[in-house]
Amino acid sequence: MSAIGAVSCSCLRPGVWLLKPGMQMSSFGLHTAARCAAKDYYEVLVLGGGAGGIAMSARMKRKVGAANVAVVEPSKTHYYQPLWTLVGGGAKQLAASARPMGSVMPKGVEWIKSQVTALDPDKNCVWLENDIKVSYKYLIIALGISLHYEKIKGLPEGFNHPKIGSNYSAQTVEKTWKALQDFKEGNAIFTFPNTPVKCAGAPQKIMYLSDAYLRKTGKRSKANIMFNTSLGVIFGVKKYADALHEVIKERSLAVNYKRNLIEVRADKQEAVFENLDKPGVTEVHQYEMLHVTPPMGPPAVLINSPVSDESGWVDIDKETLQHKKYPNVFGIGDCTNLPTSKTAAAVAAQSGVLDKTISLVMKNELPVKKYDGYTSCPLVTGYNKVILAEFDYNAQPLETFPIDQSKERATMYHMKADMMPLLYWNALLKGYWGGPAPVRKLMHLGLK
C-alpha cells in the first residue's frame with residue numbers, strides 16, 4: 001500500500017480543533033504556537049509524515065542540513081500500511097505495522113506537530129492550526145490521501161457491529177480478521193469504490209486470503225465469495241489481469257463489475273450497491289462478512305488550493321515531480337495527480353527522482369531525471385502466494401526479476417511479508433532507497 005501513503009501519509013488524522021476568530025492571541029494560542037513551530041522559516045518544508053514525507057525529509061537533511069528542514073505532521077504514529085492486508089487476513093499483527101512518529105523522523109529535523117490549514121505558494125508560506133504561519137524556500141507536499149467512509153450511508157457507525165471490517169484503517173483492520181474468524185455460512189463480500197484508491201490491488205487481496213482461510217478451516221463450501229467492484233476490469237494491466245482471472249476461475253470466486261457500495265445496513269447485515277451501468281438501480285446483498293474499501297480523495301486542505309488541479313490533487317509534472325506553476329514546490333505520493341497507482345513502491349521510485357530534481361533546481365538548473373510511472377502491487381493470492389505486478393505509466397509490465405512475475409510464487413510472498421517491511425523501515429524512510437529500477441536495469445542488461 002504512502003501506499004504507501006501508501007501510502008505517502010498516515011491515513012488516520014487526529015481530529016483538529018481550530019480556535020475561533022479572536023482567540024488566537026490568548027495565552028493558550030501563544031503556547032500552542034511555541035510548541036508547534038520552532039521557527040517561522042525553513043529552507044525545505046515538508047508537509048506530511050508518511051512514507052513520502054519522511055523519505056524526502058531524510059534526503060533533504062543530507063542536502064541542506066537538519067536544522068533547515070521541517071516536517072508538518074499531527075499524527076503520533078507512523079504506519080507501514082501495506083502490512084494491513086496481512087493483518088486483516090490474520091497473518092501479521094497490527095503492532096508490527098506501527099512505530100512512534102518520533103522514531104522515524106530524521107534526527108535533528110524539526111517535527112512540527114500541527115496540521116496544515118492553508119497553502120499560499122505565491123507568498124512561499126503555509127498556515128497551520130491556530131493561525132501560525134511558516135515560510136519556506138522549497139516546499140514538498142506529501143499529504144497522502146483521505147478516507148471517506150462517511151460517503152457510504154451507514155458508515156462509519158456500522159463498524160460498531162460485527163461481521164464488517166476494513167483493511168484501510170488502523171481502527172477497523174482487526175475487525176476484518178475477526179469477521180473472517182467468525183464466518184459461518186453465507187456471502188463474504190469485498191468492495192472496490194468508485195474513486196481513486198491507494199493500493200488498488202488491496203481490495204481483492206483480502207478476498208484471496210479469505211478464500212484460503214475458509215478452505216483451511218473447512219468452511220469454504222458454505223461460503224459464496226463475491227467481489228463487487230465499481231471498475232470494469234479486475235486489474236488495469238492485462239498480463240496480471242489474465243493471471244488473476246485464472247485464480248478467480250480456479251477458486252470459484254464471483255466478480256460483479258460496475259457495482260458501487262452506497263449503503264451498509266449493519267444491523268441487518270445488508271450491503272446496498274448501485275449498478276453503475278444503470279444509474280439509480282440498486283441491489284441488496286445479505287452478508288455474513290463484509291470488507292469495505294472506502295471512497296477516497298485528496299486531503300481537504302488541497303481542495304481548491306492554488307497548488308491543486310480541478311480535482312484537488314497536487315498538480316505536478318509527471319516526469320520531474322516539480323509543480324507545473326510554482327518551480328519551488330514539489331509533490332510526491334498519493335496526494336498528487338500522477339497518472340499511476342498510489343502505492344508505497346511508487347513513492348520509493350518517486351523519491352529517487354524527486355531528490356535529483358530538487359538538487360538541480362537548487363543549482364538553478366533544469367531537472368533531467370524522469371519518473372516513468374513505476375509502481376508495484378504484490379497481489380497476495382494466498383498465505384504463501386503472490387503475483388508481483390510491476391508496471392509503468394502506460395500500464396505495461398516493468399518487472400524487476402528475470403522470471404514470469406504473473407505466476408503465483410512463494411518467494412514473492414516472503415518478499416512482500418518479510419523483506420519489504422525491513423526495506424521500508426531501514427532504507428526508504430532513511431532516504432536510501434529509490435525503488436528497484438537500478439536492479440531492474442542491470443538484470444535487463446544481463447548483468448549479475
# chains A, B, ... in the order shown; residues from 1 in each chain; ligands from 1
>>> residues_around(residues="range 205-208 of chain A", least_positions_apart="4", cutoff="10 Å", atoms="only C-alpha atoms", output="compact mmCIF listing (two decimals) with C-alpha atoms, in the first residue's frame")
# COMPACT_ATOMS: atom_id res chain seq x y z
CA TRP A 84 -2.55 -4.26 6.78
CA THR A 85 -3.59 -6.71 4.06
CA LEU A 86 -1.85 -9.43 6.06
CA VAL A 87 -3.19 -8.09 9.38
CA GLY A 88 -6.74 -8.35 8.05
CA GLY A 89 -6.01 -11.90 6.97
CA SER A 166 -11.83 -2.64 6.51
CA ASN A 167 -8.09 -3.08 5.95
CA THR A 176 -11.69 -7.83 9.22
CA TRP A 177 -9.80 -10.71 10.81
CA ALA A 188 -18.48 -12.91 2.00
CA ILE A 189 -18.47 -9.62 0.10
CA PHE A 190 -15.47 -7.47 -0.84
CA THR A 191 -15.85 -3.99 -2.34
CA ALA A 200 -5.76 -0.69 -5.90
CA GLY A 201 -4.95 -4.39 -5.51
CA ALA A 212 -7.61 -19.54 1.58
CA TYR A 213 -8.60 -19.25 5.26
CA LEU A 214 -12.08 -20.65 4.68
CA ILE A 225 -17.29 -15.20 -2.07
CA MET A 226 -18.15 -12.08 -4.04
CA PHE A 227 -16.03 -9.18 -5.32
CA VAL A 247 -7.15 -17.60 -9.96
CA ILE A 248 -10.76 -16.41 -9.80
CA ARG A 251 -11.32 -20.83 -6.81
CA LEU A 253 -14.98 -16.57 -6.87
CA HIS A 291 -14.90 -5.95 3.73
CA PRO A 378 2.30 -7.52 -4.79
CA LEU A 379 -1.01 -9.30 -5.39
CA VAL A 380 -1.39 -11.62 -2.43
CA THR A 381 -3.40 -14.61 -3.65
CA GLY A 382 -2.90 -16.85 -0.60
CA TYR A 383 -0.95 -17.25 2.63
CA LYS A 385 1.41 -16.90 -2.81
CA VAL A 386 1.96 -13.58 -4.53
>>> residues_around(residues="Pro339 in chain A", least_positions_apart="5", cutoff="9 Å", atoms="only C-alpha atoms", output="ChimeraX atom specification")
/A:318,373,393
>>> write_last_selection(atoms="N, CA, C and O atoms", output="PDB file, in the first residue's frame")
ATOM      1  N   LYS A 318       4.592  15.013 -14.497  1.00  0.00           N
ATOM      2  CA  LYS A 318       4.624  13.574 -14.215  1.00  0.00           C
ATOM      3  C   LYS A 318       6.010  12.954 -14.364  1.00  0.00           C
ATOM      4  O   LYS A 318       6.230  11.825 -13.911  1.00  0.00           O
ATOM      5  N   GLY A 373       6.692   6.372 -14.068  1.00  0.00           N
ATOM      6  CA  GLY A 373       5.408   5.897 -13.564  1.00  0.00           C
ATOM      7  C   GLY A 373       5.503   4.567 -12.855  1.00  0.00           C
ATOM      8  O   GLY A 373       4.473   3.975 -12.502  1.00  0.00           O
ATOM      9  N   TYR A 393       3.615   4.020 -16.470  1.00  0.00           N
ATOM     10  CA  TYR A 393       2.512   4.912 -16.803  1.00  0.00           C
ATOM     11  C   TYR A 393       1.598   4.341 -17.879  1.00  0.00           C
ATOM     12  O   TYR A 393       0.404   4.630 -17.918  1.00  0.00           O
TER      13      TYR A 393
END
>>> select_by_dssp(residues="range 119-354 of chain A", states="helix (DSSP H, G or I)", output="count of residues only")
70
>>> closest_atom_pairs(of="range 312-351 of chain A", to="range 137-154 of chain A", cutoff="12 Å", atoms="only C-alpha atoms", output="CSV")
residue,atom,partner,partner_atom,distance
A:Gly312,CA,A:Ile145,CA,10.6
A:Trp313,CA,A:Ile145,CA,9.3
A:Val314,CA,A:Ile141,CA,7.8
A:Asp315,CA,A:Ile141,CA,10.6
A:Ile316,CA,A:Ile141,CA,10.4
A:Leu321,CA,A:Ile140,CA,9.9
A:Gln322,CA,A:Ile140,CA,9.3
A:His323,CA,A:Ile140,CA,9.7
A:Tyr326,CA,A:Leu139,CA,9.7
A:Pro327,CA,A:Tyr138,CA,8.8
A:Asn328,CA,A:Tyr138,CA,4.9
A:Val329,CA,A:Leu139,CA,4.8
A:Phe330,CA,A:Ile140,CA,4.8
A:Gly331,CA,A:Ile141,CA,4.7
A:Ile332,CA,A:Ala142,CA,5.4
A:Gly333,CA,A:Ala142,CA,6.2
A:Asp334,CA,A:Gly144,CA,4.7
A:Cys335,CA,A:Gly144,CA,4.7
A:Thr336,CA,A:Ala142,CA,8.2
A:Asn337,CA,A:Ile145,CA,11.3
A:Lys342,CA,A:Ile145,CA,9.1
A:Thr343,CA,A:Gly144,CA,10.5
A:Ala344,CA,A:Gly144,CA,10.8
A:Val347,CA,A:Ala142,CA,9.8
A:Gln350,CA,A:Ala142,CA,11.4
A:Ser351,CA,A:Ala142,CA,10.8
>>> closest_residue(among="A:Ala51, A:Ile234, A:Ala202, A:Ala266", to="Thr293 in chain A", atoms="only C-alpha atoms")
A:Ala202
